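Raw contents of start-v2.txt, compact mmCIF, C-alpha atoms and all ligand atoms:
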```txt
# COMPACT_ATOMS: atom_id res chain seq x y z
CA MET A 1 -22.46 -1.95 -27.24
CA ILE A 2 -18.73 -1.48 -26.74
CA LEU A 3 -17.55 2.09 -26.25
CA ILE A 4 -14.18 3.09 -27.71
CA ALA A 5 -13.19 6.41 -26.12
CA TYR A 6 -9.90 7.88 -27.29
CA ALA A 7 -7.59 10.87 -27.23
CA THR A 8 -4.98 11.53 -29.89
CA THR A 9 -2.44 14.24 -30.71
CA GLU A 10 -1.10 13.33 -34.15
CA GLY A 11 -3.79 10.85 -35.20
CA GLN A 12 -2.27 7.39 -34.69
CA THR A 13 -4.48 6.57 -31.69
CA GLU A 14 -7.51 7.62 -33.72
CA LYS A 15 -6.44 5.21 -36.45
CA ILE A 16 -6.06 2.49 -33.79
CA ALA A 17 -9.48 3.28 -32.30
CA ARG A 18 -11.13 3.07 -35.73
CA PHE A 19 -9.34 -0.20 -36.44
CA CYS A 20 -10.68 -1.64 -33.14
CA ALA A 21 -14.23 -0.52 -33.98
CA GLU A 22 -14.05 -2.18 -37.40
CA ARG A 23 -12.60 -5.35 -35.91
CA LEU A 24 -15.35 -5.57 -33.27
CA GLU A 25 -18.07 -4.89 -35.82
CA ALA A 26 -16.66 -7.51 -38.17
CA GLY A 27 -17.03 -9.95 -35.25
CA GLY A 28 -20.68 -9.00 -34.76
CA GLN A 29 -20.28 -6.52 -31.84
CA ALA A 30 -21.70 -3.01 -31.94
CA ALA A 31 -19.01 -0.37 -31.27
CA THR A 32 -19.27 3.38 -30.74
CA LEU A 33 -16.30 5.73 -31.15
CA LEU A 34 -15.98 8.71 -28.83
CA HIS A 35 -13.30 11.31 -29.59
CA LEU A 36 -12.62 12.81 -26.16
CA GLN A 37 -11.04 16.03 -27.44
CA THR A 38 -14.28 17.19 -29.06
CA GLY A 39 -15.68 18.25 -25.67
CA ALA A 40 -17.45 14.94 -24.99
CA GLU A 41 -17.94 14.61 -21.23
CA ASP A 42 -20.72 12.08 -20.73
CA MET A 43 -20.20 8.36 -20.99
CA PRO A 44 -22.70 6.70 -23.35
CA GLU A 45 -24.52 3.65 -22.01
CA CYS A 46 -22.35 0.63 -22.86
CA ASP A 47 -21.64 -2.97 -21.84
CA ALA A 48 -17.87 -2.64 -21.99
CA ALA A 49 -15.30 -0.01 -22.91
CA ILE A 50 -11.93 0.40 -24.57
CA LEU A 51 -10.03 3.57 -23.68
CA ALA A 52 -7.07 4.62 -25.81
CA ALA A 53 -4.55 7.46 -25.51
CA SER A 54 -0.97 8.23 -26.47
CA VAL A 55 2.10 9.22 -24.46
CA HIS A 56 3.61 12.67 -24.95
CA MET A 57 6.44 13.64 -22.63
CA GLY A 58 5.53 10.89 -20.20
CA ARG A 59 1.78 11.63 -19.97
CA TYR A 60 -1.48 10.79 -21.69
CA GLN A 61 -3.77 13.55 -22.98
CA ASP A 62 -5.67 15.61 -20.38
CA ALA A 63 -8.96 14.65 -22.06
CA ILE A 64 -8.54 10.98 -21.17
CA GLU A 65 -7.50 11.81 -17.62
CA GLY A 66 -10.65 13.90 -17.21
CA PHE A 67 -12.88 11.22 -18.72
CA ALA A 68 -11.39 8.38 -16.64
CA LEU A 69 -11.62 10.50 -13.48
CA ARG A 70 -15.26 11.48 -14.12
CA HIS A 71 -16.37 7.94 -14.95
CA ALA A 72 -13.98 5.85 -12.84
CA GLN A 73 -16.75 4.05 -11.00
CA ALA A 74 -18.81 3.23 -14.11
CA LEU A 75 -15.70 2.13 -15.98
CA THR A 76 -14.41 -0.06 -13.17
CA ALA A 77 -17.85 -1.75 -12.98
CA ARG A 78 -17.52 -2.84 -16.62
CA ARG A 79 -15.04 -4.92 -18.59
CA THR A 80 -12.44 -2.50 -19.85
CA LEU A 81 -9.26 -2.46 -21.89
CA PHE A 82 -6.75 0.38 -21.92
CA LEU A 83 -4.67 0.85 -25.09
CA ALA A 84 -1.63 2.97 -24.22
CA VAL A 85 0.08 4.12 -27.42
CA SER A 86 3.74 5.17 -27.50
CA LEU A 87 6.97 4.87 -29.43
CA ALA A 88 8.75 3.21 -26.51
CA ALA A 89 6.40 0.23 -27.01
CA ALA A 90 7.94 -0.24 -30.47
CA GLY A 91 11.28 -1.12 -28.90
CA HIS A 92 12.78 -3.51 -26.37
CA ASP A 93 14.49 -1.13 -23.94
CA ALA A 94 13.75 -2.45 -20.43
CA ASP A 95 13.99 1.03 -18.83
CA GLU A 96 11.56 2.48 -21.37
CA TRP A 97 9.13 -0.39 -20.78
CA ALA A 98 9.40 0.17 -17.02
CA ASP A 99 8.55 3.84 -17.69
CA LEU A 100 5.51 2.86 -19.76
CA ASP A 101 4.36 0.68 -16.91
CA ARG A 102 4.88 3.51 -14.41
CA ILE A 103 3.01 6.00 -16.61
CA ALA A 104 0.03 3.66 -16.92
CA GLN A 105 0.01 2.86 -13.18
CA ALA A 106 0.25 6.53 -12.19
CA PHE A 107 -2.59 7.41 -14.59
CA GLN A 108 -4.82 4.75 -13.05
CA ALA A 109 -3.89 5.79 -9.51
CA ARG A 110 -4.69 9.45 -10.31
CA THR A 111 -8.02 8.74 -11.97
CA GLY A 112 -9.23 5.88 -9.78
CA TRP A 113 -10.08 3.79 -12.85
CA GLN A 114 -8.52 0.34 -12.71
CA ALA A 115 -8.41 -0.99 -16.27
CA GLY A 116 -9.34 -4.66 -16.66
CA LYS A 117 -6.26 -4.97 -18.86
CA THR A 118 -3.62 -2.52 -20.05
CA CYS A 119 -2.03 -3.10 -23.40
CA GLN A 120 1.02 -1.13 -24.56
CA VAL A 121 0.67 -0.45 -28.29
CA ALA A 122 3.43 0.80 -30.59
CA GLY A 123 2.50 4.09 -32.30
CA ALA A 124 4.11 6.00 -35.13
CA PHE A 125 6.40 8.83 -36.10
CA ARG A 126 4.03 11.24 -37.82
CA PHE A 127 6.47 13.67 -39.40
CA THR A 128 3.73 15.05 -41.66
CA LYS A 129 1.89 16.29 -38.54
CA TYR A 130 4.83 17.84 -36.64
CA ASP A 131 5.76 21.49 -36.62
CA PHE A 132 9.39 22.46 -37.29
CA PHE A 133 10.62 21.95 -33.72
CA ARG A 134 8.81 18.68 -33.17
CA ARG A 135 10.18 17.38 -36.46
CA LEU A 136 13.69 18.18 -35.30
CA ALA A 137 13.14 16.61 -31.87
CA MET A 138 11.56 13.48 -33.32
CA ARG A 139 14.31 13.10 -35.93
CA TRP A 140 16.81 13.24 -33.10
CA ILE A 141 14.89 10.55 -31.18
CA ALA A 142 14.74 8.38 -34.31
CA TRP A 143 18.48 8.86 -34.84
CA GLN A 144 19.17 7.94 -31.19
CA LYS A 145 17.20 4.72 -31.66
CA GLY A 146 19.13 3.92 -34.83
CA GLU A 147 15.97 4.23 -36.92
CA GLU A 148 16.29 5.34 -40.55
CA VAL A 149 13.38 7.70 -41.13
CA ASN A 150 12.34 10.02 -43.91
CA PRO A 151 11.48 13.36 -42.23
CA HIS A 152 8.84 14.03 -44.89
CA ASP A 153 7.03 10.77 -44.38
CA ASP A 154 5.33 8.89 -41.52
CA ARG A 155 6.67 5.67 -40.05
CA GLU A 156 4.20 3.32 -38.41
CA TYR A 157 5.16 0.67 -35.85
CA THR A 158 1.68 -0.49 -34.79
CA ASP A 159 1.41 -4.27 -34.96
CA TRP A 160 -2.09 -4.64 -36.41
CA ALA A 161 -2.10 -8.44 -36.17
CA ALA A 162 -1.23 -8.36 -32.45
CA LEU A 163 -3.88 -5.67 -31.89
CA SER A 164 -6.48 -7.84 -33.65
CA THR A 165 -5.64 -10.73 -31.33
CA GLU A 166 -6.02 -8.43 -28.31
CA ILE A 167 -9.38 -7.10 -29.51
CA ASP A 168 -10.68 -10.58 -30.34
CA ALA A 169 -9.71 -11.75 -26.84
CA PHE A 170 -11.48 -8.75 -25.30
CA ALA A 171 -14.62 -9.46 -27.36
CA ALA A 172 -14.49 -13.11 -26.23
CA ARG A 173 -14.28 -12.04 -22.57
CA ILE A 174 -17.44 -9.96 -22.99
CA ALA A 175 -19.41 -12.61 -24.86
C1 LIG A 201 6.22 15.79 -28.61
C2 LIG A 201 6.13 14.29 -28.49
C3 LIG A 201 6.44 13.68 -27.29
C4 LIG A 201 6.40 12.28 -27.18
N1 LIG A 201 6.74 11.71 -25.98
C5 LIG A 201 6.80 10.36 -25.89
C6 LIG A 201 7.23 9.74 -24.68
O1 LIG A 201 7.48 10.38 -23.65
N2 LIG A 201 7.34 8.38 -24.67
C7 LIG A 201 7.05 7.62 -25.78
O2 LIG A 201 7.20 6.40 -25.73
N3 LIG A 201 6.60 8.18 -26.93
C8 LIG A 201 6.47 9.53 -27.00
N4 LIG A 201 6.04 10.11 -28.17
C9 LIG A 201 5.59 9.26 -29.28
C10 LIG A 201 4.06 9.17 -29.37
O3 LIG A 201 3.52 8.50 -28.25
C11 LIG A 201 3.72 8.40 -30.66
O4 LIG A 201 4.15 9.16 -31.76
C12 LIG A 201 2.25 8.05 -30.79
O5 LIG A 201 2.06 7.31 -31.98
C13 LIG A 201 1.38 9.31 -30.82
O6 LIG A 201 0.02 8.94 -30.94
P1 LIG A 201 -1.07 9.98 -31.48
O7 LIG A 201 -0.73 10.23 -32.94
O8 LIG A 201 -2.37 9.31 -31.32
O9 LIG A 201 -0.94 11.20 -30.64
C14 LIG A 201 6.04 11.49 -28.30
C15 LIG A 201 5.71 12.12 -29.51
C16 LIG A 201 5.75 13.50 -29.61
C17 LIG A 201 5.40 14.14 -30.93
```
Show me this structure written as C-alpha cells.
Ligand SMILES: Cc1cc2nc3c(=O)[nH]c(=O)nc-3n(C[C@H](O)[C@H](O)[C@H](O)COP(=O)(O)O)c2cc1C
Amino acid sequence: MILIAYATTEGQTEKIARFCAERLEAGGQAATLLHLQTGAEDMPECDAAILAASVHMGRYQDAIEGFALRHAQALTARRTLFLAVSLAAAGHDADEWADLDRIAQAFQARTGWQAGKTCQVAGAFRFTKYDFFRRLAMRWIAWQKGEEVNPHDDREYTDWAALSTEIDAFAARIA
C-alpha cells in the first residue's frame, strides 16, 4: 500500500493528493489518503509514501512538519516522494526556484526526513477560498507576475500530465 499524507490550506494540495491516489489505483497500486490536519498522528503501515504540502509565506503547514518529524526514521526507510506545492513553481524566476529549493531543504533538515525525491508542483490561485485581505494580497501578487486573473474565480497552474509522469515513475520504482 502507498500512503499519501498531505496538508492543505486552500484545497489545491488535497486535489493533487486525490489525483495521485486515483492515478496509482488506476495502475493497480493500493493507495491510502491521510489528511494530516484532521489530527492524524500515526503513520499507517505502508510500503512507500508520498507526502504533499503547500508553501505559505515560505513554509509548509505545521501538520506536515510534525508528521515528518515524528516518522522521519520510518519514512526514510521507505521509498518516498515529496510533492511541494507553490505558485513560484508555476513560473521561471530563478530566485524563486532557489527559494523553493531552500524551503524544501530546510524542511528536511528540520524534520530529519530525507525524501527519496522532491518534486516542485505548481499550485493555484484559489480566490474563492480567500478572505478579503488574502484576496487583495493575492491579486497584487498576480498583477506583479503579469497574470490576468478574475478575483471571483480560481486559476489553476498544476500540470496534471507532468504529475502523472512523476507518479508513474514513482510507482515503477516501487514495483
Ligand atoms: C497567504 C498565502 C501565502 C502564500 N505564500 C507563498 C509563498 O511564499 N511562495 C509561493 O510560491 N506560493 C505561496 N502561496 C501560494 C500557494 O502555495 C498556492 O496557492 C498553493 O496552490 C496552495 O495550496 P493549498 O490550496 O493546498 O494550500 C501563498 C498563498 C497564500 C494564500
With 12 Å as the cut-off and only C-alpha atoms counted, what is the closest atom pair between each nearby residue of region 3-60 of chain A and region 129-153 of chain A? Distances in Å to one decimal, ordered by chain and number, as a tab-separated table.
```
residue	atom	partner	partner_atom	distance
A:Thr9	CA	A:Lys129	CA	9.2
A:Glu10	CA	A:Lys129	CA	6.1
A:Gly11	CA	A:Lys129	CA	8.5
A:Gln12	CA	A:Lys129	CA	10.6
A:His56	CA	A:Arg134	CA	11.4
A:Met57	CA	A:Ala137	CA	11.8
```
Write out as a short mmCIF file (atom, residue, chain, number, x, y, z; two decimals) with C-alpha atoms, keeping the file's coordinate frame which residues come within 12 Å of Glu65 (chain A) when counting all atoms listed in the file, dropping same-chain ones fewer than 6 positions away.
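That gives us part_15.cif:
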```cif
data_model
loop_
_atom_site.label_atom_id
_atom_site.label_comp_id
_atom_site.auth_asym_id
_atom_site.auth_seq_id
_atom_site.Cartn_x
_atom_site.Cartn_y
_atom_site.Cartn_z
CA ALA A 5 -13.19 6.41 -26.12
CA TYR A 6 -9.90 7.88 -27.29
CA ALA A 7 -7.59 10.87 -27.23
CA LEU A 36 -12.62 12.81 -26.16
CA GLN A 37 -11.04 16.03 -27.44
CA GLU A 41 -17.94 14.61 -21.23
CA LEU A 51 -10.03 3.57 -23.68
CA ALA A 52 -7.07 4.62 -25.81
CA ALA A 53 -4.55 7.46 -25.51
CA SER A 54 -0.97 8.23 -26.47
CA ARG A 59 1.78 11.63 -19.97
CA HIS A 71 -16.37 7.94 -14.95
CA ALA A 72 -13.98 5.85 -12.84
CA ALA A 104 0.03 3.66 -16.92
CA ALA A 106 0.25 6.53 -12.19
CA PHE A 107 -2.59 7.41 -14.59
CA GLN A 108 -4.82 4.75 -13.05
CA ALA A 109 -3.89 5.79 -9.51
CA ARG A 110 -4.69 9.45 -10.31
CA THR A 111 -8.02 8.74 -11.97
CA GLY A 112 -9.23 5.88 -9.78
CA TRP A 113 -10.08 3.79 -12.85
#
```
Find the smallest box with edges along x, y and z containing every listed atom of region 60-63 of chain A, then add 4 Å on each side and report centre and edge lengths in Å to one decimal, as JSON.
```
{"center_x": -5.2, "center_y": 13.2, "center_z": -21.7, "size_x": 15.5, "size_y": 12.8, "size_z": 10.6}
```
query: Interatomic distance between CA of Leu3 (chain A) and atom N3 of ligand LIG 201 (chain A)?
result: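 Those two atoms sit 24.9 Å apart.
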- prompt: Do you know which residues are at most 12 Å from Ala162 (chain A) counting all atoms listed in the file, after dropping those on the same chain fewer than 4 positions away, and could you put them as a PyMOL selection string?
  reply: chain A and resi 16+20+119-122+157-158+166-169
message: I need the residue nearest ligand LIG 201 (chain A) from this list: A:Asp93, A:Asp154, A:Glu25, A:Glu14. Use all atoms listed in the file for the distance.
response: A:Glu14
- prompt: What gap, in Å, lies between atom O3 of ligand LIG 201 (chain A) and CA of Glu96 (chain A)?
  reply: 12.2 Å
message: With only C-alpha atoms as the counted atoms, please give the residues lying no more than 9 Å from Gly58 (chain A), apart from itself and same-chain residues fewer than 5 positions off, as a ChimeraX atom specification.
response: /A:99-100,103
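Residue nearest ligand LIG 201 (chain A) within the list A:Ala74, A:Val55, A:Leu33, A:Ala63: A:Val55 [criterion: smallest interatomic distance, all atoms listed in the file].
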- request: Using only C-alpha atoms, determine which residues lie at most 12 Å from Thr76 (chain A), disregarding the query and same-chain residues fewer than 6 positions distant; provide the list as a PyMOL selection string.
  value: chain A and resi 47-51+68-70+82+108+111-117
- prompt: For Gln61 (chain A), which of A:Cys46, A:Ala21, A:Ala84, A:Glu156 is the closest residue, counting all atoms listed in the file?
  reply: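 For Gln61 (chain A), the nearest of the candidates is A:Ala84.
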